[in-house]
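See below for the structure under consideration.
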Amino acid sequence: MIVTAQTKETFDLFAYMREHEQVVFCHDEGTGLKAIIAIHSTALGPALGGCRMYPYATTEEALIDALRLSKGMTYKCLAADVDFGGGKAVIIGDPRKDKSPELFRAFGQFVESLGGRFYTGTDMGTTPEDFVHALKETNCIVGVPEAYGGSGDSSIPTAEGVVYGIQATNDVVFGSKHLHGKTYAVQGLGKVGKKVALRLLEEGADLYVCDLNEAAVEEVVAYGKQIGASVKPVNGTDIYRVEADVFVPCAFGGVINDETITELRVKAVVGSANNQLADKRHARMLKEKGIVYAPDYIVNAGGLIQVADELYGANKERVLSKTKAIYETLLAIYERAEAAGVTTVEAADRFCEERLQQRRRRNDFFAHQQRPKWAIRR
Ligand code: NAD
């Protein structure tokens with residue numbers, strides 16, 4: 001039983017983790033490492049999930065984030081049909097001043113102590129280079145630079161998956177999967193968004209675009225001019241108000257909220273940004289407004305598919321071919337949502353929960369500790 005310093009009220013840690021298999025608290029005084037590893041489920045295979053570094057105000061906040069994110073990873077792995085379960089790690093600290101090679105080596109030792117039950121890599125606040133240090137202590141690391149045997153830039157398959165997601169959505173909404181002849185409002189022209197925007201232009205689409213980075217906007221506008229397509233840059237929140245066929249959020253989360261839903265003048269929302277809905281009820285609000293929503297964790301799974309595929313040795317062609325499945329999965333979810341009269345988010349969650357039940361019956365709990373079977377080949 002734990003007594004919080006501030007309130008002296010008791011709380012039950014197991015109540016927090018009742019849906020999770022395991023939570024590991026990691027402390028190394030020498031390097032200042034304070035980390036939490038949450039394993040939600042290993043029903044599909046070893047848990048997989050990035051390691052976030054953030055200056056959480058309290059341990060409880062860090063724990064809740066690790067639990068929430070690791071559960072999300074189980075759903076993402078189920079939807080992408082990869083041989084991993086859901087896990088996540090959080091390091092409590094400021095990524096701008098608390099990092100050191102030794103801290104990541106210490107973290108790697110804790111990951112190694114889990115005997116192959118948890119694989120990790122970069123997430124918000126950490127870089128592939130940080131995990132080169134962890135790799136000295138454990139093989140259970142994914143997404144390191146290609147020079148160290150990793151699979152490279154994950155935004156390539158992520159962008160590819162977004163394009164498959166738009167095609168499946170176009171099929172359902174407009175009766176044809178083709179990308180041309182439509183107008184897309186792309187928010188964020190970073191690693192993923194720019195690749196999606198350029199591909200849409202190549203396919204004959206017109207765009208509205210916005211990004212805080214003017215150089216990225218100029219690059220896409222120049223490409224549009226070069227191939228005779230219309231690319232209209234808009235400022236900040238104006239992207240929610242333009243009249244377009246599909247809104248493509250590729251910048252940050254929470255963009256679908258009470259305010260933006262009233263503004264949107266599109267038929268569908270399909271993008272790479274994580275946690276696009278500020279709240280689950282916004283899926284229902286979109287449905288009521290007649291806007292089709294492609295659940296983000298289905299659409300943006302290309303990067304996950306790539307790191308999970310490292311299990312078999314990095315192979316870009318195989319990853320892109322596995323990413324194609326996003327098209328069929330999304331169509332199946334749209335069909336289920338229509339048949340059951342539920343939102344696409346509810347349909348996606350049910351789809352994953354059914355898969356999880358099937359896998360739980362098939363696999364033995366903790367059966368994945370046999371490292372040689374699961375070890376990533378480098
Ligand atoms: P990125 O950092 O390369 O790009 C994000 C872009 O959004 C940047 O160009 C930034 O300037 C822009 N931006 C930030 N705030 C903005 C604002 N207010 N208005 C307009 N533009 C703004 O990130 P990324 O890798 O391209 O990822 C984009 C999104 O997709 C993120 O939400 C990320 O979590 C998610 N995602 C990425 C991957 C991947 O493989 N990279 C995988 C899954 C999900």
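Here's how to read the names in the structure tokens: chain A, B, ... by the order shown, residue numbers from 1 in each chain, ligand numbers from 1 in the order shown.
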
Using only C-alpha atoms, determine which residues lie at most 9 Å from A:Ile37, disregarding the query and same-chain residues fewer than 3 positions distant; provide the list as a list of chain:residue names.
->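 Near neighbours after the sequence-gap exclusion: A:Gln22, A:Val23, A:Val24, A:Phe25, A:Cys26, A:Cys51, A:Leu63, A:Ala66, A:Leu67, A:Ser70, A:Gly87, A:Lys88, A:Ala89, A:Val90, A:Ile91, A:Val111, A:Phe118.
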
Members of stretch 44-230 of chain A assigned alpha helix (DSSP H) by DSSP, as a ChimeraX atom specification | /A:59-80,101-113,130-134,155-174,191-202,214-227

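Of the residues listed (A:Val299, A:Val186, A:Leu179, A:Cys77), A:Val186 shows the shortest atom-to-atom separation from A:Val248; distances use only C-alpha atoms.
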
Considering only C-alpha atoms and all ligand atoms, give me a table of residues in chain A that are at most 6 Å from ligand 1, with the closest atom pair and distance in Å for each, as a Markdown table.
```
| residue | atom | partner | partner_atom_place_in_ligand_line | distance |
| --- | --- | --- | --- | --- |
| A:Ser154 | CA | ligand 1 | 40 (O) | 4.4 |
| A:Ser155 | CA | ligand 1 | 40 (O) | 3.7 |
| A:Thr158 | CA | ligand 1 | 40 (O) | 5.0 |
| A:Gln187 | CA | ligand 1 | 20 (C) | 5.4 |
| A:Gly188 | CA | ligand 1 | 7 (O) | 3.8 |
| A:Leu189 | CA | ligand 1 | 9 (O) | 4.7 |
| A:Gly190 | CA | ligand 1 | 4 (O) | 3.3 |
| A:Lys191 | CA | ligand 1 | 26 (O) | 3.7 |
| A:Val192 | CA | ligand 1 | 26 (O) | 3.8 |
| A:Gly193 | CA | ligand 1 | 26 (O) | 5.4 |
| A:Cys210 | CA | ligand 1 | 20 (C) | 5.2 |
| A:Asp211 | CA | ligand 1 | 21 (N) | 3.5 |
| A:Leu212 | CA | ligand 1 | 11 (O) | 4.7 |
| A:Asn213 | CA | ligand 1 | 11 (O) | 4.9 |
| A:Gly236 | CA | ligand 1 | 19 (N) | 5.2 |
| A:Cys250 | CA | ligand 1 | 29 (C) | 4.5 |
| A:Ala251 | CA | ligand 1 | 7 (O) | 3.7 |
| A:Phe252 | CA | ligand 1 | 32 (O) | 4.1 |
| A:Gly253 | CA | ligand 1 | 32 (O) | 5.8 |
| A:Ser272 | CA | ligand 1 | 30 (O) | 4.2 |
| A:Ala273 | CA | ligand 1 | 32 (O) | 3.3 |
| A:Asn274 | CA | ligand 1 | 32 (O) | 4.6 |
| A:Asn300 | CA | ligand 1 | 43 (C) | 4.8 |
| A:Gly303 | CA | ligand 1 | 40 (O) | 4.5 |
```

Which polymer residues have any atom within 9 Å of an atom of A:Ser100, counting only C-alpha atoms, with same-chain residues fewer than 5 positions away left out, as a PDB file with N, CA, C and O atoms, in the first residue's frame?
```pdb
ATOM      1  N   THR A  31      22.714   7.577 -12.378  1.00  0.00           N
ATOM      2  CA  THR A  31      22.419   8.321 -13.618  1.00  0.00           C
ATOM      3  C   THR A  31      21.191   9.210 -13.469  1.00  0.00           C
ATOM      4  O   THR A  31      20.882   9.994 -14.370  1.00  0.00           O
ATOM      5  N   ARG A 105      21.802   3.810 -21.035  1.00  0.00           N
ATOM      6  CA  ARG A 105      22.351   2.464 -20.776  1.00  0.00           C
ATOM      7  C   ARG A 105      21.661   1.842 -19.568  1.00  0.00           C
ATOM      8  O   ARG A 105      21.314   0.656 -19.572  1.00  0.00           O
ATOM      9  N   ASP A 130      19.512   8.118 -29.005  1.00  0.00           N
ATOM     10  CA  ASP A 130      19.487   7.797 -27.565  1.00  0.00           C
ATOM     11  C   ASP A 130      19.498   6.279 -27.362  1.00  0.00           C
ATOM     12  O   ASP A 130      20.120   5.766 -26.429  1.00  0.00           O
TER      13      ASP A 130
END
```

May I ask which of the residues A:Ile326, A:Gly181, A:Leu198, A:Glu338 is the closest one to A:Tyr223, counting only C-alpha atoms?
->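 Checking each candidate against A:Tyr223, we get A:Leu198 as the closest.
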
Minimum-distance residue to A:Gly86, chosen among A:Ile239, A:Leu114, A:Ala43, A:Leu330 (using only C-alpha atoms) =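 Using only C-alpha atoms, A:Gly86 sits closest to A:Ala43.
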
Interatomic distance between atom CA of A:Val132 and atom CA of A:Gly152?
-> 13.2 Å

Show which residues sit within 10 Å of A:Glu335, as a PyMOL selection string. Count only C-alpha atoms, and ignore same-chain residues fewer than 4 positions away.
-> chain A and resi 172+329-331+339-341+344+347

Saved selection, atoms kept: C-alpha atoms, as a PDB file, in the first residue's frame:
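Now in part-v2.pdb:
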```
ATOM      1  CA  VAL A 172     -16.787   4.691 -48.986  1.00  0.00           C
ATOM      2  CA  THR A 329      -8.814  -3.012 -42.343  1.00  0.00           C
ATOM      3  CA  LEU A 330     -10.310   0.455 -42.639  1.00  0.00           C
ATOM      4  CA  LEU A 331     -12.938  -0.733 -45.132  1.00  0.00           C
ATOM      5  CA  ALA A 339     -23.962  -2.305 -39.830  1.00  0.00           C
ATOM      6  CA  ALA A 340     -23.974  -1.723 -36.055  1.00  0.00           C
ATOM      7  CA  GLY A 341     -24.928   1.966 -36.214  1.00  0.00           C
ATOM      8  CA  THR A 344     -15.973   4.267 -36.522  1.00  0.00           C
ATOM      9  CA  ALA A 347     -16.218  -0.190 -34.434  1.00  0.00           C
TER      10      ALA A 347
END
```

Could you list, with a cut-off of 12 Å and counting only C-alpha atoms, the residues of stretch 149-228 of chain A near stretch 275-295 of chain A, each shown with its nearest atom pair and the distance in Å rounded to one decimal, rows sorted by chain and ascending number, as a Markdown table?
```
| residue | atom | partner | partner_atom | distance |
| --- | --- | --- | --- | --- |
| A:Gly161 | CA | A:Ala294 | CA | 11.7 |
| A:Val162 | CA | A:Ala294 | CA | 9.7 |
| A:Val163 | CA | A:Ala294 | CA | 11.7 |
| A:Tyr164 | CA | A:Ala294 | CA | 11.0 |
| A:Gly165 | CA | A:Ala294 | CA | 7.2 |
| A:Ile166 | CA | A:Ala294 | CA | 8.4 |
| A:Gln167 | CA | A:Ala294 | CA | 11.0 |
| A:Ala168 | CA | A:Ala294 | CA | 9.2 |
| A:Thr169 | CA | A:Ala294 | CA | 7.3 |
| A:Asn170 | CA | A:Val292 | CA | 9.9 |
| A:Asp171 | CA | A:Val292 | CA | 11.6 |
| A:Val172 | CA | A:Val292 | CA | 9.0 |
| A:Val173 | CA | A:Val292 | CA | 7.6 |
| A:Phe174 | CA | A:Val292 | CA | 11.1 |
| A:Gln187 | CA | A:Gln276 | CA | 11.8 |
```

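Considering only C-alpha atoms, the residue among A:Ala15, A:Val345, A:Val319, A:Leu207 positioned nearest to A:Val234 is A:Leu207.
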
Shortest interatomic distance to A:Gly125 - which of A:Ala57, A:Ile227, A:Ile92, A:Leu201, counting only C-alpha atoms =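 Smallest separation from A:Gly125 among the options: A:Ile92.
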
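Using only C-alpha atoms, the smallest distance between any of A:Leu311, A:Ala325, A:Ala35, A:Ala301 and A:Phe104 comes from A:Ala35.
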